[in-house]
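One structure below.
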Amino acid sequence: MGYKIKEIREEIGMTQAELSTKSGVSRTIINGLETGRTTTTTTDTLKKIAAALDKKVSEIFFS
């Protein structure tokens, strides 16, 4: 299962650093999820990222 975090983030013109600051999730984790190096994370982390992107958690997954 992959994540659409990078696509959504770039669509709204946000950098990884900005997403990190807004979500409270480290840039390292965000980068890992975007590149596929990290394939699992906590529900809490996904909720924080989704909220910072103004999306539902279900919307940040590839279908």
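Residue numbering restarts at 1 in every chain; chains get A, B, ... in the order shown in the structure tokens, and ligands count up from 1 in that same order.
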
Select from range 25-60 of chain A every residue with an atom at most 7 Å from any atom of range 8-16 of chain A, then for each give the shortest pair of atoms and their distance in Å to one decimal, using only C-alpha atoms, rows by chain and rising number, as JSON lines.
{"residue": "A:Arg27", "atom": "CA", "partner": "A:Gln16", "partner_atom": "CA", "distance": 6.1}
{"residue": "A:Ile30", "atom": "CA", "partner": "A:Gln16", "partner_atom": "CA", "distance": 7.0}
{"residue": "A:Leu53", "atom": "CA", "partner": "A:Arg9", "partner_atom": "CA", "distance": 6.8}

Next, the residues of the selection above should be written as a short mmCIF file (atom, residue, chain, number, x, y, z; two decimals), in the first residue's frame with all heavy atoms.
data_model
loop_
_atom_site.label_atom_id
_atom_site.label_comp_id
_atom_site.auth_asym_id
_atom_site.auth_seq_id
_atom_site.Cartn_x
_atom_site.Cartn_y
_atom_site.Cartn_z
N ARG A 27 10.33 15.40 9.42
CA ARG A 27 10.55 15.40 7.97
C ARG A 27 11.10 14.05 7.52
O ARG A 27 10.79 13.59 6.42
CB ARG A 27 11.52 16.53 7.61
CG ARG A 27 11.64 16.74 6.11
CD ARG A 27 12.57 17.91 5.78
NE ARG A 27 12.91 17.87 4.39
CZ ARG A 27 13.85 17.07 3.87
NH1 ARG A 27 14.53 16.25 4.63
NH2 ARG A 27 14.11 17.09 2.57
N ILE A 30 8.13 11.79 7.03
CA ILE A 30 7.40 12.22 5.84
C ILE A 30 8.15 11.79 4.59
O ILE A 30 7.56 11.23 3.66
CB ILE A 30 7.16 13.75 5.86
CG1 ILE A 30 6.18 14.09 6.98
CG2 ILE A 30 6.66 14.25 4.50
CD1 ILE A 30 6.07 15.56 7.31
N LEU A 53 -2.76 18.33 5.67
CA LEU A 53 -3.03 18.45 4.24
C LEU A 53 -4.51 18.75 3.96
O LEU A 53 -4.91 18.85 2.82
CB LEU A 53 -2.63 17.15 3.52
CG LEU A 53 -1.14 16.82 3.50
CD1 LEU A 53 -0.92 15.41 2.97
CD2 LEU A 53 -0.35 17.83 2.68
#

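As for CA of Leu19 in chain A and CA of Thr40 in chain A, they are spaced 18.4 Å apart.
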
Inset, instruction - Write out as an MDAnalysis selection string which residues come within 10 Å of Asn31 in chain A when counting only C-alpha atoms, dropping same-chain ones fewer than 4 positions away. - result: chainID A and resid 5:6 16:17 20 26:27 35:38

Inset, instruction - Would you mind writing down, as a ChimeraX atom specification, each residue of chain A that DSSP on the backbone assigns to helix (DSSP H, G or I)? - result: /A:5-11,16-23,27-35,43-52,57-60

Those same residues, written as an mmCIF file, in the first residue's frame with N, CA and C atoms?
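Okay, this is what ended up in part_12.cif:
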data_model
loop_
_atom_site.group_PDB
_atom_site.id
_atom_site.type_symbol
_atom_site.label_atom_id
_atom_site.label_comp_id
_atom_site.auth_asym_id
_atom_site.auth_seq_id
_atom_site.Cartn_x
_atom_site.Cartn_y
_atom_site.Cartn_z
ATOM 1 N N ILE A 5 0.938 11.188 -0.256
ATOM 2 C CA ILE A 5 1.327 12.376 0.503
ATOM 3 C C ILE A 5 2.078 13.370 -0.381
ATOM 4 N N LYS A 6 3.057 12.902 -1.118
ATOM 5 C CA LYS A 6 3.865 13.802 -1.951
ATOM 6 C C LYS A 6 2.999 14.497 -2.998
ATOM 7 N N GLU A 7 2.151 13.750 -3.675
ATOM 8 C CA GLU A 7 1.317 14.317 -4.728
ATOM 9 C C GLU A 7 0.399 15.404 -4.168
ATOM 10 N N ILE A 8 -0.221 15.119 -3.039
ATOM 11 C CA ILE A 8 -1.132 16.089 -2.420
ATOM 12 C C ILE A 8 -0.347 17.303 -1.936
ATOM 13 N N ARG A 9 0.776 17.047 -1.302
ATOM 14 C CA ARG A 9 1.603 18.135 -0.760
ATOM 15 C C ARG A 9 2.073 19.068 -1.870
ATOM 16 N N GLU A 10 2.543 18.494 -2.973
ATOM 17 C CA GLU A 10 3.025 19.315 -4.087
ATOM 18 C C GLU A 10 1.880 20.059 -4.777
ATOM 19 N N GLU A 11 0.705 19.429 -4.838
ATOM 20 C CA GLU A 11 -0.474 20.070 -5.428
ATOM 21 C C GLU A 11 -0.823 21.378 -4.734
ATOM 22 N N GLN A 16 8.186 19.656 2.267
ATOM 23 C CA GLN A 16 8.228 18.656 3.334
ATOM 24 C C GLN A 16 8.444 19.334 4.681
ATOM 25 N N ALA A 17 9.284 20.346 4.706
ATOM 26 C CA ALA A 17 9.553 21.060 5.962
ATOM 27 C C ALA A 17 8.289 21.733 6.484
ATOM 28 N N GLU A 18 7.518 22.339 5.587
ATOM 29 C CA GLU A 18 6.261 22.979 5.996
ATOM 30 C C GLU A 18 5.259 21.952 6.506
ATOM 31 N N LEU A 19 5.174 20.818 5.819
ATOM 32 C CA LEU A 19 4.277 19.752 6.262
ATOM 33 C C LEU A 19 4.705 19.226 7.625
ATOM 34 N N SER A 20 5.995 19.093 7.809
ATOM 35 C CA SER A 20 6.526 18.629 9.084
ATOM 36 C C SER A 20 6.133 19.580 10.213
ATOM 37 N N THR A 21 6.325 20.851 9.982
ATOM 38 C CA THR A 21 5.985 21.861 10.993
ATOM 39 C C THR A 21 4.491 21.868 11.281
ATOM 40 N N LYS A 22 3.684 21.850 10.242
ATOM 41 C CA LYS A 22 2.233 21.929 10.398
ATOM 42 C C LYS A 22 1.648 20.680 11.046
ATOM 43 N N SER A 23 2.235 19.509 10.737
ATOM 44 C CA SER A 23 1.691 18.243 11.245
ATOM 45 C C SER A 23 2.314 17.793 12.566
ATOM 46 N N ARG A 27 10.330 15.398 9.419
ATOM 47 C CA ARG A 27 10.555 15.404 7.974
ATOM 48 C C ARG A 27 11.096 14.053 7.521
ATOM 49 N N THR A 28 11.874 13.399 8.355
ATOM 50 C CA THR A 28 12.425 12.080 8.021
ATOM 51 C C THR A 28 11.307 11.069 7.793
ATOM 52 N N ILE A 29 10.307 11.074 8.644
ATOM 53 C CA ILE A 29 9.171 10.155 8.492
ATOM 54 C C ILE A 29 8.385 10.505 7.240
ATOM 55 N N ILE A 30 8.134 11.788 7.031
ATOM 56 C CA ILE A 30 7.401 12.220 5.840
ATOM 57 C C ILE A 30 8.147 11.791 4.585
ATOM 58 N N ASN A 31 9.447 12.028 4.540
ATOM 59 C CA ASN A 31 10.249 11.634 3.386
ATOM 60 C C ASN A 31 10.202 10.131 3.173
ATOM 61 N N GLY A 32 10.304 9.367 4.235
ATOM 62 C CA GLY A 32 10.257 7.910 4.131
ATOM 63 C C GLY A 32 8.942 7.414 3.567
ATOM 64 N N LEU A 33 7.836 8.019 4.002
ATOM 65 C CA LEU A 33 6.516 7.634 3.494
ATOM 66 C C LEU A 33 6.361 8.024 2.030
ATOM 67 N N GLU A 34 6.885 9.186 1.662
ATOM 68 C CA GLU A 34 6.770 9.657 0.283
ATOM 69 C C GLU A 34 7.604 8.818 -0.689
ATOM 70 N N THR A 35 8.765 8.378 -0.247
ATOM 71 C CA THR A 35 9.658 7.635 -1.133
ATOM 72 C C THR A 35 9.429 6.131 -1.098
ATOM 73 N N THR A 43 -1.269 5.092 13.174
ATOM 74 C CA THR A 43 -2.500 5.763 12.783
ATOM 75 C C THR A 43 -2.441 7.228 13.194
ATOM 76 N N ASP A 44 -1.864 7.509 14.335
ATOM 77 C CA ASP A 44 -1.743 8.880 14.824
ATOM 78 C C ASP A 44 -0.930 9.735 13.851
ATOM 79 N N THR A 45 0.158 9.180 13.345
ATOM 80 C CA THR A 45 0.994 9.903 12.380
ATOM 81 C C THR A 45 0.210 10.194 11.110
ATOM 82 N N LEU A 46 -0.518 9.205 10.612
ATOM 83 C CA LEU A 46 -1.316 9.405 9.403
ATOM 84 C C LEU A 46 -2.402 10.450 9.630
ATOM 85 N N LYS A 47 -3.010 10.454 10.805
ATOM 86 C CA LYS A 47 -4.035 11.444 11.122
ATOM 87 C C LYS A 47 -3.449 12.854 11.119
ATOM 88 N N LYS A 48 -2.267 13.005 11.686
ATOM 89 C CA LYS A 48 -1.608 14.315 11.739
ATOM 90 C C LYS A 48 -1.268 14.812 10.343
ATOM 91 N N ILE A 49 -0.731 13.933 9.512
ATOM 92 C CA ILE A 49 -0.373 14.316 8.143
ATOM 93 C C ILE A 49 -1.622 14.670 7.347
ATOM 94 N N ALA A 50 -2.646 13.837 7.445
ATOM 95 C CA ALA A 50 -3.892 14.088 6.717
ATOM 96 C C ALA A 50 -4.506 15.421 7.140
ATOM 97 N N ALA A 51 -4.533 15.694 8.426
ATOM 98 C CA ALA A 51 -5.100 16.955 8.920
ATOM 99 C C ALA A 51 -4.313 18.153 8.401
ATOM 100 N N ALA A 52 -2.996 18.039 8.376
ATOM 101 C CA ALA A 52 -2.158 19.131 7.883
ATOM 102 C C ALA A 52 -2.373 19.374 6.396
ATOM 103 N N VAL A 57 -7.855 10.652 6.276
ATOM 104 C CA VAL A 57 -6.784 9.650 6.220
ATOM 105 C C VAL A 57 -6.946 8.770 4.977
ATOM 106 N N SER A 58 -8.163 8.375 4.670
ATOM 107 C CA SER A 58 -8.401 7.512 3.518
ATOM 108 C C SER A 58 -7.976 8.148 2.191
ATOM 109 N N GLU A 59 -7.918 9.470 2.160
ATOM 110 C CA GLU A 59 -7.561 10.178 0.928
ATOM 111 C C GLU A 59 -6.058 10.228 0.664
ATOM 112 N N ILE A 60 -5.242 9.853 1.636
ATOM 113 C CA ILE A 60 -3.792 9.926 1.422
ATOM 114 C C ILE A 60 -3.204 8.553 1.023
#

Legend entry - Non-local contacts of Phe61 in chain A (9 Å; only C-alpha atoms; under 6 positions in same chain excluded) as a list in words: Met1, Gly2, Tyr3, Lys4 and Ile5 of chain A

Put those residues in a file: all heavy atoms, as a JSON list (two decimals), in the first residue's frame.
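Output saved as result-v2.json:
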[["chain", "number", "residue", "atom", "x", "y", "z"],
["A", 1, "MET", "N", 0.85, -1.18, 0.00],
["A", 1, "MET", "CA", 0.00, 0.00, 0.00],
["A", 1, "MET", "C", 0.89, 1.24, 0.00],
["A", 1, "MET", "O", 1.84, 1.33, 0.75],
["A", 1, "MET", "CB", -0.89, -0.01, 1.24],
["A", 1, "MET", "CG", -1.81, 1.17, 1.30],
["A", 1, "MET", "SD", -2.94, 1.15, 2.70],
["A", 1, "MET", "CE", -3.73, -0.42, 2.50],
["A", 2, "GLY", "N", 0.57, 2.18, -0.85],
["A", 2, "GLY", "CA", 1.37, 3.40, -0.93],
["A", 2, "GLY", "C", 0.57, 4.61, -0.48],
["A", 2, "GLY", "O", -0.64, 4.55, -0.27],
["A", 3, "TYR", "N", 1.29, 5.69, -0.35],
["A", 3, "TYR", "CA", 0.68, 6.92, 0.11],
["A", 3, "TYR", "C", 0.76, 8.00, -0.96],
["A", 3, "TYR", "O", 1.73, 8.05, -1.72],
["A", 3, "TYR", "CB", 1.41, 7.43, 1.37],
["A", 3, "TYR", "CG", 1.42, 6.43, 2.50],
["A", 3, "TYR", "CD1", 2.54, 5.64, 2.73],
["A", 3, "TYR", "CD2", 0.31, 6.28, 3.31],
["A", 3, "TYR", "CE1", 2.54, 4.71, 3.77],
["A", 3, "TYR", "CE2", 0.31, 5.35, 4.35],
["A", 3, "TYR", "CZ", 1.43, 4.58, 4.58],
["A", 3, "TYR", "OH", 1.43, 3.67, 5.59],
["A", 4, "LYS", "N", -0.23, 8.87, -1.00],
["A", 4, "LYS", "CA", -0.27, 9.98, -1.96],
["A", 4, "LYS", "C", 0.18, 11.28, -1.32],
["A", 4, "LYS", "O", -0.13, 12.36, -1.80],
["A", 4, "LYS", "CB", -1.69, 10.17, -2.50],
["A", 4, "LYS", "CG", -2.25, 9.01, -3.26],
["A", 4, "LYS", "CD", -3.50, 9.38, -4.00],
["A", 4, "LYS", "CE", -4.70, 9.39, -3.10],
["A", 4, "LYS", "NZ", -5.97, 9.54, -3.84],
["A", 5, "ILE", "N", 0.94, 11.19, -0.26],
["A", 5, "ILE", "CA", 1.33, 12.38, 0.50],
["A", 5, "ILE", "C", 2.08, 13.37, -0.38],
["A", 5, "ILE", "O", 1.75, 14.56, -0.40],
["A", 5, "ILE", "CB", 2.17, 11.98, 1.74],
["A", 5, "ILE", "CG1", 1.33, 11.12, 2.68],
["A", 5, "ILE", "CG2", 2.71, 13.23, 2.45],
["A", 5, "ILE", "CD1", 2.13, 10.41, 3.76]]
